[in-house]
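Asks: Supplied structure: target_27.tsv, TSV, C-alpha atoms and all ligand atoms.
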chain	number	residue	atom	x	y	z
A	1	MET	CA	89.10	73.34	58.24
A	2	SER	CA	89.09	72.33	54.64
A	3	GLU	CA	92.55	70.78	54.86
A	4	GLU	CA	93.66	67.74	56.82
A	5	LEU	CA	95.13	68.75	60.20
A	6	LEU	CA	97.85	66.18	60.80
A	7	PHE	CA	98.81	67.43	64.27
A	8	TYR	CA	95.53	66.11	65.69
A	9	GLU	CA	96.41	62.56	64.63
A	10	ASP	CA	100.04	62.90	65.70
A	11	ALA	CA	101.31	65.93	67.60
A	12	TYR	CA	104.85	64.54	67.15
A	13	LEU	CA	104.80	64.61	63.34
A	14	LYS	CA	107.78	66.73	62.30
A	15	GLU	CA	107.74	66.25	58.52
A	16	PHE	CA	105.00	65.57	55.98
A	17	ASP	CA	104.27	65.61	52.24
A	18	ALA	CA	101.48	67.78	50.84
A	19	VAL	CA	100.25	69.58	47.77
A	20	VAL	CA	99.95	73.35	47.37
A	21	VAL	CA	96.30	74.34	47.11
A	22	ASP	CA	96.61	78.11	46.95
A	23	VAL	CA	99.15	80.94	47.18
A	24	LEU	CA	97.97	84.31	48.50
A	25	GLN	CA	99.65	87.68	48.45
A	26	LYS	CA	98.42	90.22	51.01
A	27	GLY	CA	100.44	93.42	50.96
A	28	GLU	CA	104.06	92.49	51.53
A	29	LYS	CA	103.21	89.05	52.87
A	30	ARG	CA	102.80	85.76	51.04
A	31	TYR	CA	100.92	82.75	52.29
A	32	VAL	CA	100.76	79.15	51.15
A	33	VAL	CA	97.70	76.94	51.70
A	34	LEU	CA	98.26	73.16	51.63
A	35	ASN	CA	95.88	70.20	51.26
A	36	LYS	CA	97.19	68.92	54.61
A	37	THR	CA	99.53	70.29	57.26
A	38	ALA	CA	101.37	69.48	60.48
A	39	PHE	CA	102.01	73.20	61.12
A	40	TYR	CA	99.89	74.30	64.07
A	41	PRO	CA	98.10	77.61	63.42
A	42	GLU	CA	97.97	79.85	66.48
A	43	GLY	CA	94.94	79.24	68.68
A	44	GLY	CA	93.79	78.56	72.22
A	45	GLY	CA	96.72	80.55	73.57
A	46	GLN	CA	99.30	78.49	71.68
A	47	THR	CA	101.66	80.33	69.33
A	48	GLY	CA	101.69	79.33	65.64
A	49	ASP	CA	104.45	77.10	64.19
A	50	SER	CA	107.37	78.03	61.99
A	51	GLY	CA	109.57	75.81	59.84
A	52	TRP	CA	110.41	75.16	56.18
A	53	LEU	CA	108.80	74.09	52.90
A	54	TYR	CA	110.92	72.13	50.38
A	55	PHE	CA	109.90	71.78	46.73
A	56	GLY	CA	110.82	69.17	44.13
A	57	ASN	CA	112.89	71.65	42.10
A	58	GLY	CA	115.17	72.26	45.09
A	59	ALA	CA	113.48	75.50	46.13
A	60	GLU	CA	113.25	76.15	49.88
A	61	LEU	CA	110.96	78.58	51.65
A	62	LYS	CA	110.95	79.54	55.31
A	63	VAL	CA	107.60	79.35	57.09
A	64	GLU	CA	107.73	82.37	59.39
A	65	TYR	CA	104.43	81.76	61.15
A	66	THR	CA	101.19	79.83	60.82
A	67	ARG	CA	97.73	81.22	61.46
A	68	LYS	CA	94.09	80.46	60.73
A	69	LYS	CA	92.04	82.71	58.47
A	70	GLU	CA	88.57	82.00	57.14
A	71	ASP	CA	88.82	78.36	58.06
A	72	ARG	CA	92.13	77.85	56.24
A	73	VAL	CA	95.65	77.39	57.59
A	74	LEU	CA	97.92	80.10	56.17
A	75	HIS	CA	101.66	79.40	56.13
A	76	GLU	CA	103.38	82.79	55.97
A	77	ILE	CA	106.48	82.33	53.81
A	78	SER	CA	109.68	84.22	53.17
A	79	GLY	CA	112.77	83.54	51.08
A	80	LYS	CA	114.06	84.28	47.63
A	81	GLY	CA	112.79	81.04	46.13
A	82	GLU	CA	110.28	81.00	43.31
A	83	ILE	CA	106.69	81.47	44.38
A	84	PRO	CA	105.11	78.01	44.38
A	85	LYS	CA	102.06	77.26	42.25
A	86	ALA	CA	98.87	75.38	43.08
A	87	GLY	CA	99.31	71.68	42.43
A	88	GLU	CA	103.03	71.59	43.32
A	89	ARG	CA	104.17	68.87	45.69
A	90	VAL	CA	105.93	70.03	48.84
A	91	ARG	CA	107.63	68.62	51.92
A	92	GLY	CA	106.90	70.50	55.13
A	93	VAL	CA	109.31	70.40	58.08
A	94	ILE	CA	108.32	72.11	61.30
A	95	ASP	CA	110.77	73.79	63.68
A	96	TRP	CA	110.50	71.01	66.20
A	97	ASP	CA	112.44	72.56	69.12
A	98	ARG	CA	110.13	75.55	69.04
A	99	ARG	CA	106.97	73.43	68.68
A	100	PHE	CA	107.97	71.02	71.47
A	101	ASP	CA	108.54	74.00	73.74
A	102	HIS	CA	105.01	75.19	72.90
A	103	MET	CA	103.66	71.71	73.71
A	104	GLN	CA	105.47	71.71	77.07
A	105	GLN	CA	104.04	75.14	77.92
A	106	HIS	CA	100.52	74.28	76.72
A	107	SER	CA	100.24	70.88	78.42
A	108	GLY	CA	101.79	72.31	81.59
A	109	GLU	CA	99.27	75.15	81.50
A	110	HIS	CA	96.42	72.60	81.35
A	111	ILE	CA	97.76	70.58	84.29
A	112	VAL	CA	98.24	73.54	86.64
A	113	SER	CA	95.02	75.24	85.47
A	114	GLY	CA	93.01	72.10	86.20
A	115	MET	CA	94.52	71.91	89.69
A	116	ILE	CA	94.12	75.64	90.42
A	117	CYS	CA	90.52	75.84	89.13
A	118	ARG	CA	89.55	72.87	91.28
A	119	LYS	CA	91.31	74.13	94.42
A	120	PHE	CA	90.15	77.76	94.20
A	121	SER	CA	86.78	77.11	92.48
A	122	CYS	CA	87.65	79.55	89.72
A	123	ASP	CA	88.07	79.77	85.94
A	124	ASN	CA	91.05	80.23	83.70
A	125	VAL	CA	90.16	83.51	81.96
A	126	GLY	CA	93.32	84.10	79.95
A	127	PHE	CA	96.42	82.30	78.68
A	128	HIS	CA	99.34	83.89	76.87
A	129	MET	CA	102.47	82.13	75.68
A	130	GLY	CA	105.16	84.82	75.87
A	131	ALA	CA	108.65	84.45	74.46
A	132	ASP	CA	109.95	84.06	78.02
A	133	ALA	CA	107.27	83.17	80.57
A	134	VAL	CA	103.70	81.99	80.17
A	135	THR	CA	100.95	84.00	81.85
A	136	ILE	CA	97.63	82.54	83.01
A	137	ASP	CA	94.77	84.62	84.43
A	138	PHE	CA	92.29	83.35	87.00
A	139	ASN	CA	89.16	85.03	88.37
A	140	ALA	CA	90.13	84.39	92.00
A	141	GLU	CA	92.59	85.82	94.46
A	142	ILE	CA	95.54	83.46	94.69
A	143	SER	CA	98.72	84.25	96.58
A	144	PHE	CA	102.20	83.16	95.51
A	145	GLU	CA	102.45	81.18	98.75
A	146	GLU	CA	99.26	79.27	97.90
A	147	LEU	CA	100.78	78.36	94.54
A	148	GLN	CA	103.64	76.49	96.20
A	149	GLU	CA	101.33	73.63	97.08
A	150	ILE	CA	100.08	73.48	93.48
A	151	GLU	CA	103.69	73.52	92.27
A	152	THR	CA	104.58	70.50	94.42
A	153	GLU	CA	101.43	68.66	93.39
A	154	ALA	CA	101.90	69.47	89.66
A	155	ASN	CA	105.56	68.43	89.67
A	156	ARG	CA	104.56	65.12	91.25
A	157	TYR	CA	101.82	64.62	88.64
A	158	ILE	CA	104.29	65.42	85.85
A	159	SER	CA	106.83	62.88	87.13
A	160	GLU	CA	104.15	60.16	87.39
A	161	ASP	CA	103.83	60.29	83.58
A	162	HIS	CA	100.06	60.23	83.15
A	163	PRO	CA	99.02	59.73	79.51
A	164	PHE	CA	97.45	62.58	77.55
A	165	ILE	CA	94.03	61.66	76.13
A	166	SER	CA	92.44	63.48	73.20
A	167	MET	CA	88.71	62.92	72.59
A	168	TRP	CA	86.16	64.02	70.01
A	169	PRO	CA	82.88	63.25	71.82
A	170	SER	CA	79.47	63.39	70.14
A	171	PRO	CA	77.21	66.31	71.20
A	172	GLU	CA	75.29	63.89	73.51
A	173	GLU	CA	78.48	62.60	75.14
A	174	LEU	CA	79.80	66.15	75.43
A	175	LYS	CA	76.74	67.27	77.43
A	176	LYS	CA	77.48	64.63	80.05
A	177	LEU	CA	81.17	65.52	80.40
A	178	ASP	CA	82.44	67.83	83.12
A	179	TYR	CA	85.23	69.88	81.59
A	180	ARG	CA	86.74	73.38	81.71
A	181	SER	CA	85.87	75.99	79.08
A	182	LYS	CA	82.35	74.59	78.79
A	183	LYS	CA	80.50	76.99	76.54
A	184	GLU	CA	78.14	76.62	73.61
A	185	LEU	CA	80.64	75.61	70.97
A	186	SER	CA	79.54	74.99	67.43
A	187	GLY	CA	80.90	72.10	65.41
A	188	GLU	CA	83.11	69.34	66.75
A	189	VAL	CA	84.61	69.91	70.15
A	190	ARG	CA	87.95	68.38	71.04
A	191	ILE	CA	88.48	67.48	74.68
A	192	ALA	CA	92.05	67.43	76.01
A	193	CYS	CA	92.47	65.36	79.14
A	194	PHE	CA	95.22	64.74	81.65
A	195	PRO	CA	93.41	62.17	83.83
A	196	GLY	CA	93.14	63.23	87.47
A	197	ALA	CA	94.44	66.72	86.75
A	198	ASP	CA	92.44	68.34	83.98
A	199	MET	CA	89.77	67.98	81.33
A	200	CYS	CA	89.29	70.92	78.99
A	201	ALA	CA	87.99	71.89	75.55
A	202	CYS	CA	91.14	72.68	73.59
A	203	CYS	CA	92.41	72.93	70.01
A	204	GLY	CA	96.16	72.89	70.77
A	205	THR	CA	98.94	70.34	70.50
A	206	HIS	CA	99.96	68.42	73.61
A	207	VAL	CA	102.71	66.11	74.83
A	208	SER	CA	101.89	62.39	74.85
A	209	GLY	CA	102.39	61.98	78.58
A	210	SER	CA	102.75	64.35	81.54
A	211	ALA	CA	106.44	63.43	82.08
A	212	GLN	CA	107.31	65.24	78.85
A	213	VAL	CA	106.26	68.53	80.46
A	214	GLY	CA	109.48	68.06	82.44
A	215	MET	CA	108.85	70.42	85.35
A	216	VAL	CA	106.90	73.46	86.47
A	217	LYS	CA	108.14	76.57	88.29
A	218	PHE	CA	105.87	79.46	89.18
A	219	ALA	CA	107.50	82.89	88.93
A	220	SER	CA	104.89	85.26	90.35
A	221	ALA	CA	101.23	85.86	91.23
A	222	GLU	CA	100.00	89.45	90.79
A	223	LYS	CA	96.59	91.01	91.22
A	224	PHE	CA	95.00	91.40	87.77
A	225	HIS	CA	91.55	92.97	87.30
A	226	ASP	CA	89.38	91.10	89.82
A	227	GLY	CA	91.64	88.08	89.93
A	228	THR	CA	95.23	86.96	89.61
A	229	ARG	CA	97.79	86.80	86.81
A	230	ILE	CA	100.24	83.97	87.27
A	231	GLU	CA	103.61	83.83	85.59
A	232	VAL	CA	104.97	80.35	85.09
A	233	ARG	CA	107.49	78.32	83.07
A	234	PHE	CA	107.45	74.65	82.10
A	235	GLY	CA	110.00	72.15	80.83
A	236	LYS	CA	113.22	73.47	79.32
A	237	ARG	CA	112.12	77.05	79.92
A	238	ALA	CA	111.78	76.35	83.65
A	239	PHE	CA	115.14	74.57	83.74
A	240	ASP	CA	116.94	77.35	81.82
A	241	HIS	CA	115.46	80.00	84.11
A	242	LEU	CA	116.44	78.08	87.24
A	243	ALA	CA	119.95	77.48	85.82
A	244	MET	CA	120.34	81.23	85.21
A	245	ASN	CA	119.21	81.94	88.78
A	246	TYR	CA	121.56	79.28	90.12
A	247	ALA	CA	124.53	80.78	88.23
A	248	GLN	CA	123.71	84.22	89.67
A	249	ASN	CA	123.42	82.93	93.21
A	250	LYS	CA	126.60	80.88	92.87
A	251	ALA	CA	128.52	83.96	91.66
A	252	ILE	CA	127.17	86.00	94.59
A	253	GLY	CA	128.24	83.19	96.93
A	254	VAL	CA	131.79	83.24	95.54
A	255	LEU	CA	131.92	87.02	95.88
A	256	LEU	CA	130.77	86.90	99.52
A	257	SER	CA	132.50	83.64	100.44
A	258	ALA	CA	129.07	82.42	101.45
A	259	LYS	CA	127.43	79.03	100.98
A	260	GLU	CA	124.72	79.02	98.32
A	261	ASP	CA	121.92	78.73	100.91
A	262	LYS	CA	123.31	81.64	102.94
A	263	THR	CA	123.69	84.34	100.27
A	264	TYR	CA	120.49	86.14	101.30
A	265	ASP	CA	121.62	86.41	104.94
A	266	TYR	CA	125.00	87.75	103.84
A	267	VAL	CA	123.56	90.31	101.43
A	268	LYS	CA	121.02	91.45	104.04
A	269	LYS	CA	123.80	91.93	106.58
A	270	GLN	CA	125.90	93.86	104.09
A	271	ALA	CA	122.95	96.09	103.17
A	272	GLU	CA	122.43	96.92	106.84
A	273	GLU	CA	126.13	97.69	107.26
A	274	LEU	CA	126.07	99.88	104.17
A	275	ALA	CA	123.10	101.89	105.48
A	276	GLU	CA	124.90	102.42	108.80
A	277	THR	CA	128.15	103.41	107.05
A	278	ARG	CA	126.26	105.89	104.86
A	279	TYR	CA	124.67	107.42	107.94
A	280	ARG	CA	128.03	107.83	109.69
A	281	LEU	CA	129.61	109.20	106.52
A	282	GLY	CA	126.81	111.77	106.27
A	283	GLN	CA	127.46	112.93	109.81
A	284	MET	CA	131.21	113.21	109.18
A	285	GLU	CA	130.54	115.16	106.01
A	286	GLU	CA	128.41	117.65	107.92
A	287	LYS	CA	131.25	118.20	110.39
A	288	MET	CA	133.79	118.55	107.59
A	289	ILE	CA	131.62	121.11	105.81
A	290	GLY	CA	131.55	123.11	109.04
A	291	VAL	CA	135.35	122.97	109.34
A	292	ILE	CA	135.94	123.95	105.69
A	293	ALA	CA	133.41	126.78	105.86
A	294	ALA	CA	135.04	128.19	109.00
A	295	GLU	CA	138.21	128.79	106.98
A	296	TYR	CA	136.34	131.33	104.86
A	297	LYS	CA	135.11	133.44	107.74
A	298	GLU	CA	135.50	137.17	107.06
A	299	LYS	CA	136.72	136.48	103.54
A	300	LYS	CA	134.90	137.99	100.61
A	301	ASP	CA	133.42	136.31	97.54
A	302	THR	CA	134.68	132.77	97.45
A	303	LEU	CA	135.24	130.16	94.74
A	304	ILE	CA	135.91	126.58	95.83
A	305	ILE	CA	136.70	123.80	93.35
A	306	VAL	CA	136.69	120.24	94.66
A	307	PRO	CA	136.81	116.71	93.18
A	308	PRO	CA	133.51	115.06	92.09
A	309	ASN	CA	130.90	114.93	94.86
A	310	SER	CA	127.13	114.73	95.33
A	311	PRO	CA	124.84	117.71	94.51
A	312	GLU	CA	123.83	117.62	98.16
A	313	TYR	CA	127.43	118.11	99.34
A	314	VAL	CA	127.97	120.94	96.85
A	315	ARG	CA	124.77	122.69	97.98
A	316	LYS	CA	125.53	122.29	101.70
A	317	LEU	CA	129.12	123.52	101.34
A	318	ALA	CA	128.05	126.62	99.35
A	319	GLY	CA	125.40	127.41	101.99
A	320	ALA	CA	127.81	126.96	104.88
A	321	VAL	CA	130.51	129.13	103.31
A	322	HIS	CA	127.99	131.88	102.56
A	323	GLU	CA	126.87	131.80	106.18
A	324	GLN	CA	130.49	132.40	107.23
A	325	ASN	CA	131.61	134.99	104.69
A	326	GLY	CA	128.29	136.78	104.21
A	327	CYS	CA	129.20	137.23	100.52
A	328	LEU	CA	129.03	135.07	97.41
A	329	ALA	CA	130.08	131.44	97.79
A	330	ALA	CA	130.41	129.26	94.69
A	331	VAL	CA	131.30	125.57	94.92
A	332	PHE	CA	132.17	123.48	91.86
A	333	ALA	CA	132.67	119.71	92.17
A	334	GLY	CA	133.87	117.65	89.25
A	335	GLU	CA	136.65	116.96	86.79
A	336	ALA	CA	137.61	117.35	83.11
A	337	ARG	CA	134.70	119.21	81.49
A	338	SER	CA	131.94	118.24	83.87
A	339	TYR	CA	131.22	120.13	87.09
A	340	LYS	CA	128.23	120.37	89.37
A	341	TYR	CA	127.89	123.72	91.07
A	342	ALA	CA	126.00	125.62	93.74
A	343	VAL	CA	126.07	129.35	94.43
A	344	ALA	CA	124.82	130.95	97.65
A	345	GLY	CA	124.90	134.68	98.29
A	346	PRO	CA	122.93	137.93	98.39
A	347	GLU	CA	119.60	137.81	96.57
A	348	SER	CA	120.68	140.92	94.67
A	349	SER	CA	123.59	139.21	92.90
A	350	VAL	CA	123.01	135.44	92.65
A	351	PRO	CA	120.36	135.38	89.84
A	352	ASP	CA	122.46	137.63	87.54
A	353	LEU	CA	125.63	135.72	88.27
A	354	ASN	CA	123.89	132.41	87.59
A	355	ARG	CA	122.57	133.66	84.26
A	356	SER	CA	125.93	134.80	82.94
A	357	MET	CA	127.65	131.74	84.37
A	358	THR	CA	125.40	129.22	82.60
A	359	ALA	CA	125.78	131.27	79.40
A	360	ASP	CA	129.60	131.60	79.56
A	361	LEU	CA	130.41	128.18	80.97
A	362	ASN	CA	128.05	126.14	78.79
A	363	GLY	CA	125.89	125.20	81.72
A	364	ARG	CA	122.36	124.65	82.86
A	365	GLY	CA	120.79	125.34	86.20
A	366	GLY	CA	118.37	127.42	88.16
A	367	GLY	CA	117.57	128.67	91.59
A	368	ARG	CA	115.60	131.00	93.71
A	369	GLY	CA	116.55	134.12	95.67
A	370	GLY	CA	120.06	133.82	97.03
A	371	PHE	CA	120.68	130.30	95.83
A	372	ALA	CA	121.32	128.60	92.49
A	373	GLN	CA	122.61	125.23	91.37
A	374	GLY	CA	123.27	123.24	88.21
A	375	SER	CA	126.08	121.90	86.09
A	376	VAL	CA	128.59	123.25	83.58
A	377	ALA	CA	130.47	121.59	80.73
A	378	SER	CA	133.70	123.57	81.17
A	379	THR	CA	137.21	123.07	82.50
A	380	GLU	CA	138.56	124.23	85.86
A	381	GLU	CA	140.56	126.86	83.98
A	382	ASP	CA	137.37	128.24	82.34
A	383	ILE	CA	135.63	128.37	85.71
A	384	ARG	CA	138.54	130.28	87.33
A	385	ARG	CA	138.73	132.68	84.39
A	386	PHE	CA	135.00	133.39	84.59
A	387	TRP	CA	135.27	134.03	88.30
A	388	ARG	CA	138.20	136.47	87.82
A	389	ASP	CA	136.36	138.35	85.07
A	390	HIS	CA	133.03	138.62	86.86
A	391	ILE	CA	133.74	138.88	90.53
A	392	ARG	CA	135.65	141.63	92.29
A	393	GLU	CA	137.72	139.37	94.43
A	394	ASP	CA	140.80	139.77	96.55
A	395	GLN	CA	142.03	136.19	96.75
B	1	ZN	ZN	94.45	74.29	75.66
As structure tokens - that is how I would like this structure written.
Ligand SMILES: [Zn+2]

Replies:
Amino acid sequence: MSEELLFYEDAYLKEFDAVVVDVLQKGEKRYVVLNKTAFYPEGGGQTGDSGWLYFGNGAELKVEYTRKKEDRVLHEISGKGEIPKAGERVRGVIDWDRRFDHMQQHSGEHIVSGMICRKFSCDNVGFHMGADAVTIDFNAEISFEELQEIETEANRYISEDHPFISMWPSPEELKKLDYRSKKELSGEVRIACFPGADMCACCGTHVSGSAQVGMVKFASAEKFHDGTRIEVRFGKRAFDHLAMNYAQNKAIGVLLSAKEDKTYDYVKKQAEELAETRYRLGQMEEKMIGVIAAEYKEKKDTLIIVPPNSPEYVRKLAGAVHEQNGCLAAVFAGEARSYKYAVAGPESSVPDLNRSMTADLNGRGGGRGGFAQGSVASTEEDIRRFWRDHIREDQ
């Protein structure tokens, strides 16, 4: 980097004074380059910083994002303020809440990665800081159950407040060090170390001690390529997620009059009862369909309109009535201008009837042979009128 990177000296620097070196316009976007910066440009899995730039003349610009390009840190700016010029003095203020969250996620990622790589003899092959959870990829099969031990161990390590150590070893010293992400790196290599948990080549910003990571909570472990993708949250993100889950569980507990550690048992029991009730209801419905259909024995073409019901009920009732009357049986279930229907009858008349019905009653549906089903956007009155006009009926 040509500019001074202040976040390496002090990752907790929130404000700084600098001088504008260059202003670039690329398409719609404008970028400011400074002689020094505390804004972290995205890298090593860590998201770039945002914040504000204040100028002597009172102008204020929002820094939307920070990234590296051709060895320079580009501060992407927005705002109506005048475009700054090279040589202008500026005060930079970073969005600290956002940055500290990134530091919690990044340091946490190092601690659990160090522990996981050691335990499962694997490598961290991917790290992504999402807006919600953080994902880390490992080239080993790791189950969610196996992660529980790591979670306990990492939370203990975090609470013990081990100091974070940043090192810039010489090439000779570097060769002797045992650290993660050991590849042929050109130029100076920065080593980020949480003693006893992790040592890794890294360009990101970290908390000063492990206690500032706050806590770790794993969310999932899924198979990914030949390894595992782990979803995890650290610090405030972990707390907020757990608080949301707690609120949900508490509300379920109130609803079921169940203690918070018994909600699963209650819900499981209710699900079983629901399945049994549905089964019994299905059986009763079958019987009822038989009883209703028997009323139409010997009658001719039949139209039945009932309150809203499932397509399955409508289909079964139409079939059962047709079996009894041997003629056309049309069942409509619904209300207002929305009805589901099924028609069962002789193969010679059902397809034609269905065609004119969907056309006249603003419907859609299809069928095969002596059966058709679908829905219409018409009123009960429209349906009855259609039936009178199209069917020679005696009811
Ligand atoms: Zn890192």

Asks: How far is it from CA of Gly126 in chain A to CA of Ile94 in chain A, in Å with one decimal?

Replies: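 Going from CA of Gly126 in chain A over to CA of Ile94 in chain A, I get 26.8 Å.
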
Asks: Taking all listed atoms of range 196-204 of chain A, build the axis-aligned box, pad each of the six sides by 5 Å, then write its centre and edge lengths in Å to one decimal as AutoDock Vina command-line options.

Replies:
--center_x 92.1 --center_y 68.1 --center_z 78.7 --size_x 18.2 --size_y 19.7 --size_z 27.5

Asks: Within 8 Å of ligand ZN 1 (chain B), counting all atoms listed in the file: which residues, as number ranges by chain?

Replies: A: 44-46, 106-107, 109-110, 192, 200-205

Asks: Just the residues within 8 Å of Ala333 in chain A, please, counting only C-alpha atoms, with nothing from its chain fewer than 2 positions along; format it as a list in words.

Replies: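 The contact residues come out as Ile305, Val306, Pro307, Pro308, Asn309, Val314, Val331, Glu335, Tyr339, Lys340 and Tyr341 of chain A.
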
Asks: Please provide the set of residues having any atom within 8 Å of Met115 in chain A, restricted to only C-alpha atoms, with same-chain residues fewer than 6 positions apart removed, written as a PDB file with C-alpha atoms, keeping the file's coordinate frame.

Replies:
ATOM      1  CA  ILE A 150     100.080  73.480  93.480  1.00  0.00           C
ATOM      2  CA  ALA A 154     101.900  69.470  89.660  1.00  0.00           C
ATOM      3  CA  ALA A 197      94.440  66.720  86.750  1.00  0.00           C
ATOM      4  CA  ASP A 198      92.440  68.340  83.980  1.00  0.00           C
TER       5      ASP A 198
END

Asks: If you count only C-alpha atoms, which residues fall within 12 Å of Leu174 in chain A, apart from same-chain ones fewer than 2 positions away, as a PyMOL selection string?

Replies: chain A and resi 167-172+176-180+182-191+199-201

Asks: Any idea what the distance is between CA of Glu9 in chain A and CA of Cys117 in chain A?

Replies: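 Computing it gives 28.5 Å between the two atoms.
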
Asks: Just want the 12 Å neighbourhood of Pro163 in chain A, counted on all atoms listed in the file, with same-chain residues fewer than 4 positions away dropped. Output as a PyMOL selection string.

Replies: chain A and resi 107+111+157-159+192-198+206-213

Asks: Which of these residues is nearest to Asp352 in chain A, using only C-alpha atoms: A:Gly369, A:Arg99, A:Val267, A:Ala336?

Replies: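 Closest residue, counting only C-alpha atoms: A:Gly369.
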
Asks: Do you have the CA of Tyr266 in chain A-CA of Lys250 in chain A distance handy?

Replies: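 Rounded to one decimal, the two atoms are 13.0 Å apart.
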
Asks: Would you list the residues near (89.5, 82.1, 60.2), meaning any protein, DNA or RNA residue with an atom at most 12 Å from that point in file coordinates, counting only C-alpha atoms, as a list in words?

Replies: Met1, Ser2, Pro41, Glu42, Gly43, Thr66, Arg67, Lys68, Lys69, Glu70, Asp71, Arg72, Val73 and Leu74 of chain A

Asks: Which residue, A:Lys29, A:Lys287, A:Arg229, A:Arg355, has the smallest gap to Lys316 in chain A when you use all atoms listed in the file?

Replies: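 Of all the options, A:Lys287 lies closest to Lys316 in chain A.
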
Asks: Counting all atoms listed in the file, which of A:Asn35, A:Ser78, A:Ser257, A:Gln25 gets nearest to Gly51 in chain A?

Replies: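 Smallest distance to Gly51 in chain A is found for A:Ser78.
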
Asks: Show which residues sit within 6 Å of range 220-228 of chain A, as a VMD selection string. Count only C-alpha atoms, and ignore same-chain residues fewer than 4 positions away.

Replies: chain A and resid 137 to 141 144

Asks: In terms of the shortest atom-to-atom distance over all atoms listed in the file, which of A:Gln104, A:Ser378, A:Glu88, A:Phe332 is closest to Ala11 in chain A?

Replies: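 Closest residue, counting all atoms listed in the file: A:Gln104.
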
Asks: Measuring atom to atom with only C-alpha atoms, identify which of A:Ala330, A:Met103, A:Glu160, A:Ile304 is nearest to Asn354 in chain A.

Replies: A:Ala330
